[in-house]
Each structure stands twice: as structure tokens, then as C-alpha cells.
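Colleague: entry_31.csv (CSV, C-alpha atoms and all ligand atoms) pasted underneath:
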chain,number,residue,atom,x,y,z
Z,11,MET,CA,34.6,-65.7,-21.5
Z,12,SER,CA,32.5,-68.2,-23.4
Z,13,ILE,CA,32.1,-68.1,-27.1
Z,14,ARG,CA,28.8,-66.6,-28.3
Z,15,GLN,CA,27.2,-65.9,-31.7
Z,16,LEU,CA,26.8,-62.2,-32.1
Z,17,PRO,CA,23.3,-60.8,-32.6
Z,18,VAL,CA,22.6,-60.0,-36.2
Z,19,GLU,CA,22.4,-56.3,-35.6
Z,20,LEU,CA,25.7,-56.1,-33.8
Z,21,ALA,CA,27.4,-58.2,-36.6
Z,22,ASN,CA,26.0,-55.8,-39.1
Z,23,GLN,CA,27.1,-52.8,-37.1
Z,24,ILE,CA,30.6,-54.2,-37.1
Z,25,ALA,CA,30.5,-54.6,-40.9
Z,26,ALA,CA,29.2,-51.1,-41.2
Z,27,GLY,CA,32.4,-49.9,-39.7
Z,28,GLU,CA,34.1,-50.8,-42.9
Z,29,VAL,CA,31.5,-49.8,-45.5
Z,30,VAL,CA,30.0,-46.7,-43.9
Z,31,GLU,CA,32.6,-44.3,-42.9
Z,32,ARG,CA,30.6,-41.1,-43.3
Z,33,PRO,CA,27.4,-39.8,-45.1
Z,34,ALA,CA,29.3,-39.7,-48.4
Z,35,SER,CA,29.9,-43.4,-48.3
Z,36,VAL,CA,26.2,-44.0,-47.8
Z,37,VAL,CA,25.5,-41.9,-50.8
Z,38,LYS,CA,28.1,-43.8,-52.8
Z,39,GLU,CA,26.6,-47.2,-52.0
Z,40,LEU,CA,23.0,-46.0,-52.7
Z,41,ILE,CA,23.9,-44.4,-56.1
Z,42,GLU,CA,25.9,-47.5,-57.1
Z,43,ASN,CA,22.9,-49.6,-56.3
Z,44,SER,CA,20.7,-47.4,-58.5
Z,45,LEU,CA,23.1,-47.7,-61.3
Z,46,ASP,CA,23.4,-51.4,-61.0
Z,47,ALA,CA,19.5,-51.5,-61.2
Z,48,GLY,CA,19.8,-49.7,-64.6
Z,49,ALA,CA,18.4,-46.4,-63.4
Z,50,THR,CA,18.6,-43.4,-65.8
Z,51,GLU,CA,17.4,-40.9,-63.3
Z,52,ILE,CA,18.8,-40.5,-59.8
Z,53,VAL,CA,17.6,-37.9,-57.3
Z,54,ILE,CA,19.6,-37.3,-54.1
Z,55,ASP,CA,18.2,-35.4,-51.2
Z,56,ILE,CA,20.4,-34.5,-48.3
Z,57,GLU,CA,19.6,-32.8,-45.0
Z,58,ALA,CA,22.1,-31.4,-42.5
Z,59,GLY,CA,25.1,-32.8,-44.3
Z,60,GLY,CA,23.5,-36.2,-44.3
Z,61,ARG,CA,23.4,-36.7,-40.6
Z,62,LYS,CA,19.7,-36.0,-40.5
Z,63,ARG,CA,18.7,-37.5,-43.8
Z,64,ILE,CA,19.9,-39.1,-47.0
Z,65,ARG,CA,17.4,-40.1,-49.6
Z,66,VAL,CA,18.1,-41.5,-53.0
Z,67,ARG,CA,15.3,-42.1,-55.5
Z,68,ASP,CA,15.8,-43.9,-58.8
Z,69,ASN,CA,13.8,-45.2,-61.8
Z,70,GLY,CA,15.6,-48.5,-61.9
Z,71,SER,CA,14.4,-52.1,-62.0
Z,72,GLY,CA,12.9,-52.0,-58.5
Z,73,ILE,CA,12.8,-54.8,-55.9
Z,74,ALA,CA,9.9,-57.3,-55.9
Z,75,LYS,CA,7.8,-57.5,-52.7
Z,76,ASP,CA,9.0,-60.9,-51.7
Z,77,GLU,CA,12.7,-59.9,-52.0
Z,78,LEU,CA,12.5,-56.7,-49.9
Z,79,ALA,CA,13.5,-58.5,-46.7
Z,80,LEU,CA,16.4,-60.2,-48.5
Z,81,ALA,CA,17.6,-56.9,-49.9
Z,82,LEU,CA,18.0,-55.7,-46.3
Z,83,ALA,CA,19.8,-58.9,-45.1
Z,84,ARG,CA,23.5,-59.3,-45.0
Z,85,HIS,CA,25.3,-61.4,-47.6
Z,86,ALA,CA,22.2,-61.2,-49.8
Z,87,THR,CA,22.8,-60.0,-53.3
Z,88,SER,CA,21.4,-60.4,-56.8
Z,89,LYS,CA,24.7,-59.7,-58.4
Z,90,ILE,CA,26.9,-62.7,-57.9
Z,91,SER,CA,26.2,-66.3,-57.0
Z,92,THR,CA,29.4,-68.3,-57.5
Z,93,LEU,CA,33.1,-67.9,-56.8
Z,94,ASP,CA,33.5,-67.8,-60.6
Z,95,ASP,CA,31.4,-64.6,-60.7
Z,96,LEU,CA,33.9,-63.0,-58.4
Z,97,GLU,CA,36.5,-63.5,-61.1
Z,98,ALA,CA,34.8,-61.0,-63.4
Z,99,ILE,CA,32.6,-58.4,-61.8
Z,100,TYR,CA,30.4,-56.3,-64.0
Z,101,SER,CA,28.3,-54.6,-61.4
Z,102,LEU,CA,29.4,-51.9,-58.9
Z,103,GLY,CA,28.1,-53.8,-55.9
Z,104,PHE,CA,28.5,-57.5,-55.2
Z,105,ARG,CA,29.1,-57.9,-51.4
Z,106,GLY,CA,25.5,-57.8,-50.4
Z,107,GLU,CA,26.2,-55.9,-47.2
Z,108,ALA,CA,25.6,-52.2,-47.9
Z,109,LEU,CA,21.9,-52.1,-47.1
Z,110,ALA,CA,22.2,-54.4,-44.1
Z,111,SER,CA,25.1,-52.4,-42.7
Z,112,MET,CA,23.4,-49.0,-43.3
Z,113,SER,CA,20.2,-50.3,-41.8
Z,114,SER,CA,22.0,-51.3,-38.6
Z,115,VAL,CA,23.4,-47.8,-38.0
Z,116,SER,CA,20.5,-45.6,-39.0
Z,117,ARG,CA,16.7,-45.6,-39.6
Z,118,LEU,CA,16.4,-47.0,-43.1
Z,119,VAL,CA,13.2,-47.4,-45.1
Z,120,LEU,CA,13.3,-49.0,-48.5
Z,121,THR,CA,10.4,-48.4,-50.8
Z,122,SER,CA,10.2,-50.0,-54.2
Z,123,LYS,CA,8.1,-51.0,-57.2
Z,124,PRO,CA,9.2,-53.1,-60.1
Z,125,ALA,CA,7.3,-52.1,-63.3
Z,126,ALA,CA,5.6,-55.5,-63.4
Z,127,GLN,CA,4.2,-55.1,-59.9
Z,128,GLN,CA,0.9,-53.3,-59.3
Z,129,GLN,CA,1.6,-52.1,-55.8
Z,130,ALA,CA,4.7,-50.5,-54.2
Z,131,TRP,CA,5.9,-51.8,-50.8
Z,132,GLN,CA,8.1,-50.6,-48.2
Z,133,ALA,CA,10.4,-52.4,-45.8
Z,134,TRP,CA,12.5,-51.6,-42.7
Z,135,THR,CA,14.2,-53.7,-40.1
Z,136,ASN,CA,13.6,-54.0,-36.4
Z,137,GLY,CA,15.4,-55.2,-33.2
Z,138,ARG,CA,18.5,-57.1,-32.5
Z,139,ASP,CA,17.7,-59.8,-35.0
Z,140,MET,CA,16.9,-57.2,-37.7
Z,141,GLN,CA,13.6,-58.8,-38.8
Z,142,ALA,CA,12.1,-57.0,-41.8
Z,143,GLN,CA,8.7,-55.5,-41.6
Z,144,ILE,CA,6.8,-54.6,-44.7
Z,145,GLU,CA,3.7,-52.7,-45.7
Z,146,PRO,CA,2.1,-51.3,-48.8
Z,147,ALA,CA,3.2,-47.8,-50.0
Z,148,ALA,CA,2.9,-45.3,-52.8
Z,149,HIS,CA,5.8,-45.1,-55.2
Z,150,PRO,CA,6.4,-44.9,-59.0
Z,151,ASP,CA,8.4,-47.6,-60.8
Z,152,GLY,CA,11.9,-47.7,-59.1
Z,153,THR,CA,13.3,-47.5,-55.7
Z,154,THR,CA,13.7,-45.0,-52.9
Z,155,ILE,CA,16.0,-45.5,-49.9
Z,156,ASP,CA,15.4,-43.1,-47.1
Z,157,ILE,CA,18.0,-43.0,-44.3
Z,158,SER,CA,17.6,-40.8,-41.3
Z,159,ASP,CA,19.6,-40.3,-38.2
Z,160,LEU,CA,22.8,-41.9,-39.4
Z,161,PHE,CA,24.9,-43.3,-36.5
Z,162,PHE,CA,22.1,-42.5,-33.9
Z,163,ASN,CA,23.0,-45.8,-32.2
Z,164,THR,CA,26.7,-45.7,-32.7
Z,165,PRO,CA,27.9,-42.6,-30.8
Z,166,ALA,CA,31.6,-43.4,-31.4
Z,167,ARG,CA,31.0,-43.0,-35.1
Z,168,ARG,CA,28.8,-40.0,-34.8
Z,169,LYS,CA,31.5,-38.2,-32.9
Z,170,PHE,CA,33.7,-38.4,-36.0
Z,171,LEU,CA,31.3,-36.5,-38.2
Z,172,ARG,CA,32.4,-33.1,-39.2
Z,173,THR,CA,30.3,-30.0,-39.8
Z,174,ASP,CA,27.3,-30.2,-42.1
Z,175,LYS,CA,29.2,-28.2,-44.6
Z,176,THR,CA,32.2,-30.5,-44.6
Z,177,GLU,CA,30.1,-33.6,-44.8
Z,178,PHE,CA,28.1,-32.2,-47.6
Z,179,GLY,CA,31.3,-31.3,-49.4
Z,180,HIS,CA,32.3,-34.9,-49.3
Z,181,ILE,CA,28.9,-35.9,-50.6
Z,182,ASP,CA,29.0,-33.4,-53.4
Z,183,GLU,CA,32.4,-34.7,-54.4
Z,184,MET,CA,31.2,-38.2,-54.5
Z,185,VAL,CA,28.2,-37.3,-56.6
Z,186,LYS,CA,30.5,-35.4,-58.9
Z,187,ARG,CA,32.8,-38.4,-59.4
Z,188,ILE,CA,29.9,-40.7,-60.2
Z,189,ALA,CA,28.3,-38.2,-62.5
Z,190,LEU,CA,31.5,-38.0,-64.4
Z,191,SER,CA,31.5,-41.7,-64.9
Z,192,ARG,CA,27.9,-41.9,-66.2
Z,193,PHE,CA,27.0,-39.2,-68.7
Z,194,ASP,CA,24.0,-41.4,-69.8
Z,195,VAL,CA,22.3,-40.9,-66.4
Z,196,SER,CA,20.7,-37.8,-65.0
Z,197,PHE,CA,21.5,-36.6,-61.5
Z,198,GLN,CA,19.9,-34.2,-59.2
Z,199,LEU,CA,21.4,-33.2,-55.8
Z,200,ARG,CA,19.7,-31.1,-53.2
Z,201,HIS,CA,20.9,-30.0,-49.8
Z,202,ASN,CA,18.4,-28.7,-47.3
Z,203,GLN,CA,15.8,-28.5,-50.1
Z,204,GLN,CA,18.1,-26.3,-52.2
Z,205,LEU,CA,19.1,-27.5,-55.6
Z,206,VAL,CA,22.9,-27.9,-55.7
Z,207,ARG,CA,23.4,-29.9,-58.9
Z,208,GLN,CA,21.2,-30.5,-61.9
Z,209,LEU,CA,22.8,-32.7,-64.5
Z,210,PRO,CA,20.5,-33.8,-67.3
Z,211,ILE,CA,21.4,-36.9,-69.5
Z,212,ALA,CA,24.4,-35.9,-71.7
Z,213,ASN,CA,24.5,-38.2,-74.8
Z,214,THR,CA,25.7,-35.7,-77.4
Z,215,PRO,CA,29.3,-34.3,-77.5
Z,216,LYS,CA,27.9,-30.9,-76.8
Z,217,GLN,CA,25.9,-32.1,-73.8
Z,218,ARG,CA,28.9,-34.0,-72.5
Z,219,GLN,CA,31.0,-30.8,-72.9
Z,220,GLN,CA,28.4,-29.0,-70.8
Z,221,ARG,CA,28.4,-31.6,-68.0
Z,222,LEU,CA,32.2,-31.6,-68.0
Z,223,ALA,CA,32.2,-27.8,-67.6
Z,224,LYS,CA,29.7,-28.0,-64.8
Z,225,LEU,CA,31.7,-30.6,-62.9
Z,226,CYS,CA,35.3,-29.7,-63.7
Z,227,GLY,CA,35.1,-26.0,-64.5
Z,228,SER,CA,34.8,-24.3,-67.8
Z,229,LEU,CA,38.5,-23.7,-68.0
Z,230,PHE,CA,39.2,-27.5,-68.0
Z,231,ALA,CA,36.3,-28.1,-70.4
Z,232,GLU,CA,37.8,-25.6,-72.9
Z,233,GLN,CA,41.4,-26.6,-72.6
Z,234,ALA,CA,41.1,-30.4,-72.3
Z,235,GLN,CA,41.7,-32.5,-75.4
Z,236,ARG,CA,39.7,-35.6,-76.1
Z,237,ILE,CA,41.4,-39.0,-76.3
Z,238,SER,CA,40.0,-42.3,-77.4
Z,239,VAL,CA,42.4,-45.2,-78.1
Z,240,GLU,CA,42.1,-48.9,-78.1
Z,241,SER,CA,44.8,-51.6,-78.3
Z,242,GLN,CA,46.0,-54.8,-76.7
Z,243,GLY,CA,42.5,-55.2,-75.2
Z,244,TYR,CA,42.7,-51.9,-73.3
Z,245,HIS,CA,40.5,-48.9,-74.1
Z,246,LEU,CA,41.3,-45.4,-72.9
Z,247,GLU,CA,38.9,-42.5,-73.3
Z,248,GLY,CA,38.4,-39.1,-71.8
Z,249,TRP,CA,39.9,-35.7,-71.5
Z,250,PHE,CA,43.3,-34.5,-70.6
Z,251,ALA,CA,45.4,-31.3,-70.4
Z,252,PRO,CA,48.5,-30.0,-68.7
Z,253,SER,CA,46.9,-27.1,-67.0
Z,254,ALA,CA,48.1,-24.2,-65.0
Z,255,GLY,CA,47.4,-25.1,-61.3
Z,256,CYS,CA,44.5,-23.1,-60.0
Z,257,ARG,CA,44.8,-21.9,-56.4
Z,258,HIS,CA,41.0,-21.9,-55.7
Z,259,GLN,CA,40.0,-25.1,-57.3
Z,260,PRO,CA,41.2,-28.6,-56.6
Z,261,ASP,CA,43.0,-30.3,-59.4
Z,262,VAL,CA,40.9,-32.1,-61.9
Z,263,GLN,CA,42.4,-35.6,-61.6
Z,264,TYR,CA,39.9,-38.3,-62.1
Z,265,PHE,CA,40.7,-41.8,-63.2
Z,266,PHE,CA,38.1,-44.5,-63.7
Z,267,VAL,CA,38.8,-48.2,-64.1
Z,268,ASN,CA,35.9,-50.1,-65.6
Z,269,GLY,CA,33.6,-47.4,-64.4
Z,270,ARG,CA,34.9,-47.1,-60.9
Z,271,MET,CA,36.8,-44.1,-59.7
Z,272,MET,CA,40.2,-45.1,-58.4
Z,273,ARG,CA,43.1,-43.5,-56.6
Z,274,ASP,CA,45.8,-45.9,-57.6
Z,275,LYS,CA,49.5,-45.2,-57.0
Z,276,LEU,CA,50.6,-47.2,-60.0
Z,277,LEU,CA,48.3,-45.4,-62.4
Z,278,ALA,CA,49.0,-42.0,-60.9
Z,279,HIS,CA,52.7,-42.7,-61.4
Z,280,ALA,CA,52.2,-43.6,-65.1
Z,281,LEU,CA,50.2,-40.4,-65.6
Z,282,ARG,CA,52.7,-38.2,-63.9
Z,283,GLN,CA,55.5,-39.7,-66.0
Z,284,ALA,CA,53.5,-39.2,-69.2
Z,285,TYR,CA,52.9,-35.5,-68.4
Z,286,GLU,CA,56.4,-34.9,-67.1
Z,287,PRO,CA,57.8,-33.1,-70.2
Z,288,TRP,CA,54.8,-30.7,-70.2
Z,289,LEU,CA,54.8,-29.8,-66.5
Z,290,ILE,CA,56.6,-26.5,-66.8
Z,291,ASP,CA,55.5,-23.1,-65.4
Z,292,GLU,CA,53.8,-24.8,-62.4
Z,293,LYS,CA,51.6,-26.8,-64.7
Z,294,VAL,CA,49.8,-29.8,-63.2
Z,295,PRO,CA,48.4,-32.9,-64.9
Z,296,THR,CA,44.7,-32.6,-65.2
Z,297,TYR,CA,42.5,-35.4,-66.6
Z,298,VAL,CA,39.3,-37.2,-66.6
Z,299,LEU,CA,40.1,-40.6,-68.0
Z,300,PHE,CA,38.3,-43.9,-68.3
Z,301,LEU,CA,40.3,-47.1,-68.7
Z,302,ARG,CA,38.5,-50.2,-69.7
Z,303,LEU,CA,40.0,-53.6,-69.6
Z,304,PRO,CA,38.6,-57.2,-69.4
Z,305,ALA,CA,36.9,-57.6,-66.0
Z,306,GLU,CA,38.9,-60.8,-65.3
Z,307,GLN,CA,42.1,-58.8,-65.4
Z,308,VAL,CA,41.3,-56.7,-62.4
Z,309,ASP,CA,40.4,-57.7,-58.9
Z,310,VAL,CA,38.0,-55.3,-57.2
Z,311,ASN,CA,37.5,-57.5,-54.1
Z,312,VAL,CA,40.4,-55.9,-52.3
Z,313,HIS,CA,38.6,-53.4,-49.9
Z,314,PRO,CA,35.0,-53.3,-48.7
Z,315,ALA,CA,34.6,-49.8,-50.0
Z,316,LYS,CA,36.2,-50.8,-53.3
Z,317,HIS,CA,38.6,-47.8,-53.5
Z,318,GLU,CA,41.3,-50.0,-54.8
Z,319,VAL,CA,41.8,-52.5,-57.6
Z,320,ARG,CA,44.5,-55.0,-58.2
Z,321,PHE,CA,45.7,-55.5,-61.8
Z,322,HIS,CA,46.8,-58.9,-62.8
Z,323,GLN,CA,49.3,-57.4,-65.2
Z,324,ALA,CA,50.1,-54.2,-63.4
Z,325,ARG,CA,53.3,-53.5,-65.3
Z,326,GLN,CA,51.7,-53.9,-68.6
Z,327,VAL,CA,48.8,-51.6,-67.7
Z,328,HIS,CA,51.2,-49.0,-66.4
Z,329,ASP,CA,53.4,-49.0,-69.5
Z,330,TRP,CA,50.4,-49.0,-71.9
Z,331,LEU,CA,48.8,-46.0,-70.1
Z,332,LEU,CA,52.0,-44.1,-70.0
Z,333,GLN,CA,52.5,-44.6,-73.7
Z,334,GLN,CA,49.0,-43.7,-74.8
Z,335,VAL,CA,48.8,-40.5,-72.7
Z,336,ARG,CA,52.3,-39.4,-73.8
Z,337,HIS,CA,51.4,-40.0,-77.5
Z,338,GLY,CA,48.2,-38.1,-76.9
Z,339,LEU,CA,50.1,-35.1,-75.5
Z,340,GLN,CA,52.6,-35.2,-78.3
Z,341,ALA,CA,50.0,-35.3,-80.9
Z,342,VAL,CA,48.3,-32.3,-79.5
Z,343,GLU,CA,51.5,-30.4,-79.3
Z,344,GLN,CA,52.2,-31.0,-83.0
Z,345,ASP,CA,48.7,-30.4,-84.1
Z,346,PRO,CA,46.2,-29.0,-81.5
Z,347,SER,CA,43.3,-30.2,-83.6
Z,348,ALA,CA,44.5,-33.8,-83.5
Z,349,ALA,CA,43.0,-34.9,-80.3
Z,350,LEU,CA,39.7,-33.2,-81.0
Z,351,VAL,CA,38.8,-35.4,-83.9
Z,352,THR,CA,38.3,-38.7,-82.1
Z,401,LIG,P1,25.0,-55.4,-53.4
Z,401,LIG,O1,24.9,-54.1,-54.1
Z,401,LIG,O2,26.5,-55.7,-53.0
Z,401,LIG,O3,24.3,-56.5,-54.0
Z,401,LIG,P2,23.4,-54.2,-51.3
Z,401,LIG,O4,23.2,-54.4,-49.9
Z,401,LIG,O5,23.9,-52.8,-51.7
Z,401,LIG,O6,24.3,-55.3,-51.9
Z,401,LIG,O7,22.0,-54.4,-52.0
Z,401,LIG,C1,21.4,-55.7,-51.9
Z,401,LIG,C2,20.5,-56.0,-53.0
Z,401,LIG,O8,19.3,-55.2,-53.0
Z,401,LIG,C3,21.1,-55.8,-54.4
Z,401,LIG,O9,21.9,-57.0,-54.8
Z,401,LIG,C4,19.9,-55.6,-55.3
Z,401,LIG,O10,19.4,-56.8,-55.7
Z,401,LIG,C5,18.9,-54.9,-54.3
Z,401,LIG,N1,18.9,-53.4,-54.5
Z,401,LIG,C6,19.5,-52.5,-53.7
Z,401,LIG,N2,19.3,-51.3,-54.1
Z,401,LIG,C7,18.5,-51.3,-55.2
Z,401,LIG,C8,18.0,-50.4,-56.1
Z,401,LIG,N3,18.1,-49.1,-55.9
Z,401,LIG,N4,17.2,-50.9,-57.1
Z,401,LIG,C9,17.0,-52.2,-57.3
Z,401,LIG,N5,17.5,-53.1,-56.5
Z,401,LIG,C10,18.3,-52.7,-55.4
Z,402,MG,MG,25.3,-52.2,-53.2
In C-alpha cells, what does this structure look like?
Ligand code: ADP
Ligand code: MG

Modeller:
Amino acid sequence: MSIRQLPVELANQIAAGEVVERPASVVKELIENSLDAGATEIVIDIEAGGRKRIRVRDNGSGIAKDELALALARHATSKISTLDDLEAIYSLGFRGEALASMSSVSRLVLTSKPAAQQQAWQAWTNGRDMQAQIEPAAHPDGTTIDISDLFFNTPARRKFLRTDKTEFGHIDEMVKRIALSRFDVSFQLRHNQQLVRQLPIANTPKQRQQRLAKLCGSLFAEQAQRISVESQGYHLEGWFAPSAGCRHQPDVQYFFVNGRMMRDKLLAHALRQAYEPWLIDEKVPTYVLFLRLPAEQVDVNVHPAKHEVRFHQARQVHDWLLQQVRHGLQAVEQDPSAALVT
């Protein structure tokens, strides 16, 4: 067989295989884009578990008319421009392939209006070369991405979709994680026109407590102690509690590194070790914790979906975390009001 350049659409569909696993991954990419655009209000509409429709609207910076086509092109991003930028990533996105990938495996319409622009415009792509079309539209300041018929042209992928209920469950979990990481942003989630989550901006301790109760259950919100410590350039904040395992609710175990939710073996190990002395009577570690460290000390460019990070000083991070959480737990044991003060 002779060597041929793949058509743009096919190349993007192949890339989509890594970024777009299921409707929940689409929702993740779209919300992350909204957050990167500085949105404070994000509205998510889902139909039929996301297979029929996923629409995310935000009040962020918007995309200028003459950049709409670029936004839909692969390897086009406003977030990094040099290899140096890759050394310290401050945005959630940076690969510049989410919109192009999603657009190649669904019917995607992007509508946007930056505040400085009079008119809103919408764009979508066509054909094997994915040329962008654009036309005027009506839209307030911000952006809406409307995706319908996900995987309509990739039957192999479509076959792997589960029931609407299951797919929506994954979407809800994704929204929950992101909502935990950004109390300063309001989120609304609807499924088949029914309001499922309504989370107003939570800037005061009381409002944060309310959001925590909504997302993690009132039991966790009541029991959990607050932690906020900083040393050696690391900052750890959040809530933690050794809780009685609850049969009907998944464990509250959320760990964020520089704003991204992570499932990291090393960190999980540090936490399990820290909680160990307290895990009696079938208690399990529960936590919502946010670790911040200098961006150049973590590499997020490990996996296209960015589930993983690599720490440059893994051992040090592990030991620091273990120590802080264990101290926190000890302090609470000696004086239950101790952790509440911070
Ligand atoms: P990445 O997020 O990696 O840059 P994407 O394909 O997700 O790549 O998005 C491409 C570009 O489109 C972004 O860099 C950004 O400039 C723009 N963009 C996407 N979504 C939004 C949005 N909701 N608001 C403003 N700009 C957006
Ligand atoms: Mg993105």
C-alpha cells in the first residue's frame, strides 16, 4: 500500500478516540473550556444521556468572529504557544484538539459573542476537510457549544455507549467533580429538560458548606473538618473525615491537584497511610482536598484526557501530604474545634 496523507476529518476522528470516550468526556472538555474562558456561570443541558444532545453555555470571554474557524481546527489553541509554556500550564486545556475532535464525531455548532463584538456568530464544520462555515446568530456575551448525535458517524464508538441513565450518571459525576473544584462559579445541569443540579456561586463559608452538602451529602458536610496549611511551597486545603462507610453512597474521595481532579496511586497511598490509625470500625477515608504546588513541578501532559499528572518530586509530595493530613487528623482528635478555625 502506498503512503497517503489522511483526510482532516479522519485524522480528527482518530484523535477523538483518545479525548472523547463517552458523553461525560465531552462535558468535561466543554466545561473546562468555559472555565478557561473565565466564565462565572455555566449551564449544561443534556438529552438522552448525552447521545442525543449536549449543550454547554457560558458567560466567558467568547471567541471573536475571525477566530471561530481556528477554534474548530486541530492543534489550534489560545492557551500555549511555545514549548516553554508546556513546562508550566495554568489552564485546564492546552492541546487544542477537543473541539476539532468532537466536531469530527458529532454535529457541533459553536456560537459565540465576545463582549467587545456587536454581533454573535456561529460556526460548524463540513466535509472531509472540515472546512468551517459561519453565519450571524443571536447570543448574549459568552459561548454556547451545541453537540448533537454524538458518534453518529462512528458506529464502533456508539456501540459502547451504555443506557441513558448510566451515561447521564457519568456526566453528573463529572459535573460534581468540577463543581467541587470551583465554588466561585455557578453551575446548572439539566437532563431531558429537568433540573438536576442548581449550584449558585458559593463564596462565603456558609454557601460553601451548602454546596458541599449538596454534592457530598449532608453527613460529610457535617462531619468533615476543614484544613488549610501551607509550607515548602505546597498548599493543602479542603475537608476531611474518617467516616463510617455508607452502603448507599459512593465514598467521598476527591483530590485535586492545581484545580484538576486526579486519581493518583501515589497520593491515594499517602492519604490511606495518613488515615490508617483512624480506620477502625469499618471507617473509610473521606476527603475533598485541594493541593496546590508550583505549575512547573507537575507535568499534566501525560495523557490526552489529563487524568494523570507526574510530579517532579513525587516522594517529597507524598511525604508532605501524609504528614499534613495526619497532623490534621491528630489535631482534630485532641481538640475537635481545632480544624474548624482555619
Ligand atoms: P484547548 O482548550 O486545548 O485550547 P479546544 O479545542 O478545547 O482546545 O479549544 C480551542 C480554542 O477555542 C481554545 O484555546 C479557546 O481559545 C477557544 N474556546 C473553546 N471553548 C471556548 C469557550 N467556551 N469560550 C471561549 N473560548 C473558547
Ligand atoms: Mg479545551

Colleague: I'd like the contact shell of stretch 170-185 of chain Z - 10 Å cut-off, only C-alpha atoms, skipping same-chain residues fewer than 4 positions apart - returned as a short mmCIF file (atom, residue, chain, number, x, y, z; two decimals) with C-alpha atoms, in the coordinates of the input.

Modeller:
data_model
loop_
_atom_site.label_atom_id
_atom_site.label_comp_id
_atom_site.auth_asym_id
_atom_site.auth_seq_id
_atom_site.Cartn_x
_atom_site.Cartn_y
_atom_site.Cartn_z
CA GLU Z 31 32.60 -44.30 -42.90
CA ARG Z 32 30.60 -41.10 -43.30
CA PRO Z 33 27.40 -39.80 -45.10
CA ALA Z 34 29.30 -39.70 -48.40
CA SER Z 35 29.90 -43.40 -48.30
CA VAL Z 36 26.20 -44.00 -47.80
CA VAL Z 37 25.50 -41.90 -50.80
CA LYS Z 38 28.10 -43.80 -52.80
CA ILE Z 41 23.90 -44.40 -56.10
CA ILE Z 54 19.60 -37.30 -54.10
CA ILE Z 56 20.40 -34.50 -48.30
CA GLU Z 57 19.60 -32.80 -45.00
CA ALA Z 58 22.10 -31.40 -42.50
CA GLY Z 59 25.10 -32.80 -44.30
CA GLY Z 60 23.50 -36.20 -44.30
CA ARG Z 61 23.40 -36.70 -40.60
CA LYS Z 62 19.70 -36.00 -40.50
CA PHE Z 161 24.90 -43.30 -36.50
CA PRO Z 165 27.90 -42.60 -30.80
CA ALA Z 166 31.60 -43.40 -31.40
CA ALA Z 189 28.30 -38.20 -62.50
CA LEU Z 190 31.50 -38.00 -64.40
CA SER Z 191 31.50 -41.70 -64.90
CA PHE Z 197 21.50 -36.60 -61.50
CA GLN Z 198 19.90 -34.20 -59.20
CA LEU Z 199 21.40 -33.20 -55.80
CA ARG Z 200 19.70 -31.10 -53.20
CA HIS Z 201 20.90 -30.00 -49.80
CA VAL Z 206 22.90 -27.90 -55.70
CA ARG Z 207 23.40 -29.90 -58.90
CA LEU Z 225 31.70 -30.60 -62.90
CA MET Z 271 36.80 -44.10 -59.70
#

Colleague: Write as a PyMOL selection string the residues around ligand LIG 401 (chain Z), taking 7 Å as the cut-off and counting all atoms listed in the file.

Modeller: chain Z and resi 39-40+43-44+47+68+70-73+81-82+84+86-89+102-110+152-154

Colleague: Using only C-alpha atoms and all ligand atoms, pick whichever of Z:Lys186, Z:Gly243, Z:Ser101, Z:Asp156 has the shortest atom-to-atom distance to ligand MG 402 (chain Z).

Modeller: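 That would be Z:Ser101, the residue with the smallest distance to ligand MG 402 (chain Z).
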
Colleague: What lies within 12 Å of stretch 131-147 of chain Z using all atoms listed in the file, ignoring chain neighbours under 4 positions off, as a PyMOL selection string?

Modeller: chain Z and resi 15-23+72-84+109-124+127+151-157

Colleague: Identify the residues within 9 Å of coordinate (46.5, -45.7, -67.7) (same frame as the file), considering only C-alpha atoms, and give the answer as a VMD selection string.

Modeller: chain Z and resid 246 265 267 276 to 278 280 to 281 299 to 301 327 to 335

Colleague: For Z:Ser253, find every residue with an atom within 8 Å (counting all atoms listed in the file), except residues of its own chain fewer than 4 positions away, and show them as a ChimeraX atom specification.

Modeller: /Z:230,233,293-296

Colleague: If we draw a sphere of 8 Å around (39.6, -36.4, -60.6), which residues have at least one atom in it when counting all atoms listed in the file? Please report them as a PyMOL selection string.

Modeller: chain Z and resi 187+261-265+296-298

Colleague: Store the residues of this selection in a file with C-alpha atoms, as an mmCIF file, keeping the file's coordinate frame.

Modeller:
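So the final result, stored in result29.cif, reads:
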data_model
loop_
_atom_site.group_PDB
_atom_site.id
_atom_site.type_symbol
_atom_site.label_atom_id
_atom_site.label_comp_id
_atom_site.auth_asym_id
_atom_site.auth_seq_id
_atom_site.Cartn_x
_atom_site.Cartn_y
_atom_site.Cartn_z
ATOM 1 C CA ARG Z 187 32.800 -38.400 -59.400
ATOM 2 C CA ASP Z 261 43.000 -30.300 -59.400
ATOM 3 C CA VAL Z 262 40.900 -32.100 -61.900
ATOM 4 C CA GLN Z 263 42.400 -35.600 -61.600
ATOM 5 C CA TYR Z 264 39.900 -38.300 -62.100
ATOM 6 C CA PHE Z 265 40.700 -41.800 -63.200
ATOM 7 C CA THR Z 296 44.700 -32.600 -65.200
ATOM 8 C CA TYR Z 297 42.500 -35.400 -66.600
ATOM 9 C CA VAL Z 298 39.300 -37.200 -66.600
#

Colleague: Could you tell me how far atom CA of Z:His313 lies from atom CA of Z:Gly27, in Å and to one decimal?

Modeller: 12.4 Å

Colleague: May I ask which of the residues Z:Ala25, Z:Asp194, Z:Ile13, Z:Glu42 is the closest one to ligand MG 402 (chain Z), counting all atoms listed in the file?

Modeller: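 Residue with the minimum atom-to-atom distance to ligand MG 402 (chain Z): Z:Glu42.
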
Colleague: My list of candidates is Z:Thr92, Z:Ile290, Z:His85, Z:Glu247. Which is closest to ligand MG 402 (chain Z) when distances are computed with all atoms listed in the file?

Modeller: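 Smallest separation from ligand MG 402 (chain Z) among the options: Z:His85.
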
Colleague: Using only C-alpha atoms, which residues sit within 12 Å of Z:Ala305 once same-chain residues fewer than 5 positions away are excluded, as a PyMOL selection string?

Modeller: chain Z and resi 95-102+243-244+267-270+310-311+319-322

Colleague: When distances are computed from all atoms listed in the file, which of Z:Met11, Z:Glu51, Z:Gln129, Z:Arg168 shows the smallest separation from Z:Pro210?

Modeller: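 Of all the options, Z:Glu51 lies closest to Z:Pro210.
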
Colleague: Looking at only C-alpha atoms, which of Z:Gln128, Z:Asp309, Z:Trp288, Z:Ala212 is the one that sits closest to Z:Arg192?

Modeller: Z:Ala212

Colleague: So which one's closest to ligand MG 402 (chain Z), Z:Ile90, Z:Gln340, Z:Gln220, Z:Arg63? Using only C-alpha atoms and all ligand atoms, please.

Modeller: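 The shortest atom-to-atom distance to ligand MG 402 (chain Z) comes from Z:Ile90.
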
Colleague: Distance atom CA of Z:Trp249-atom CA of Z:Arg236, one decimal place?

Modeller: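 About the pair atom CA of Z:Trp249 and atom CA of Z:Arg236: they are 4.6 Å apart.
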
Colleague: Take atom CA of Z:His149 and atom CA of Z:Asp46 and report the distance between them in Å, one decimal.

Modeller: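 Pair atom CA of Z:His149 / atom CA of Z:Asp46 returns 19.6 Å.
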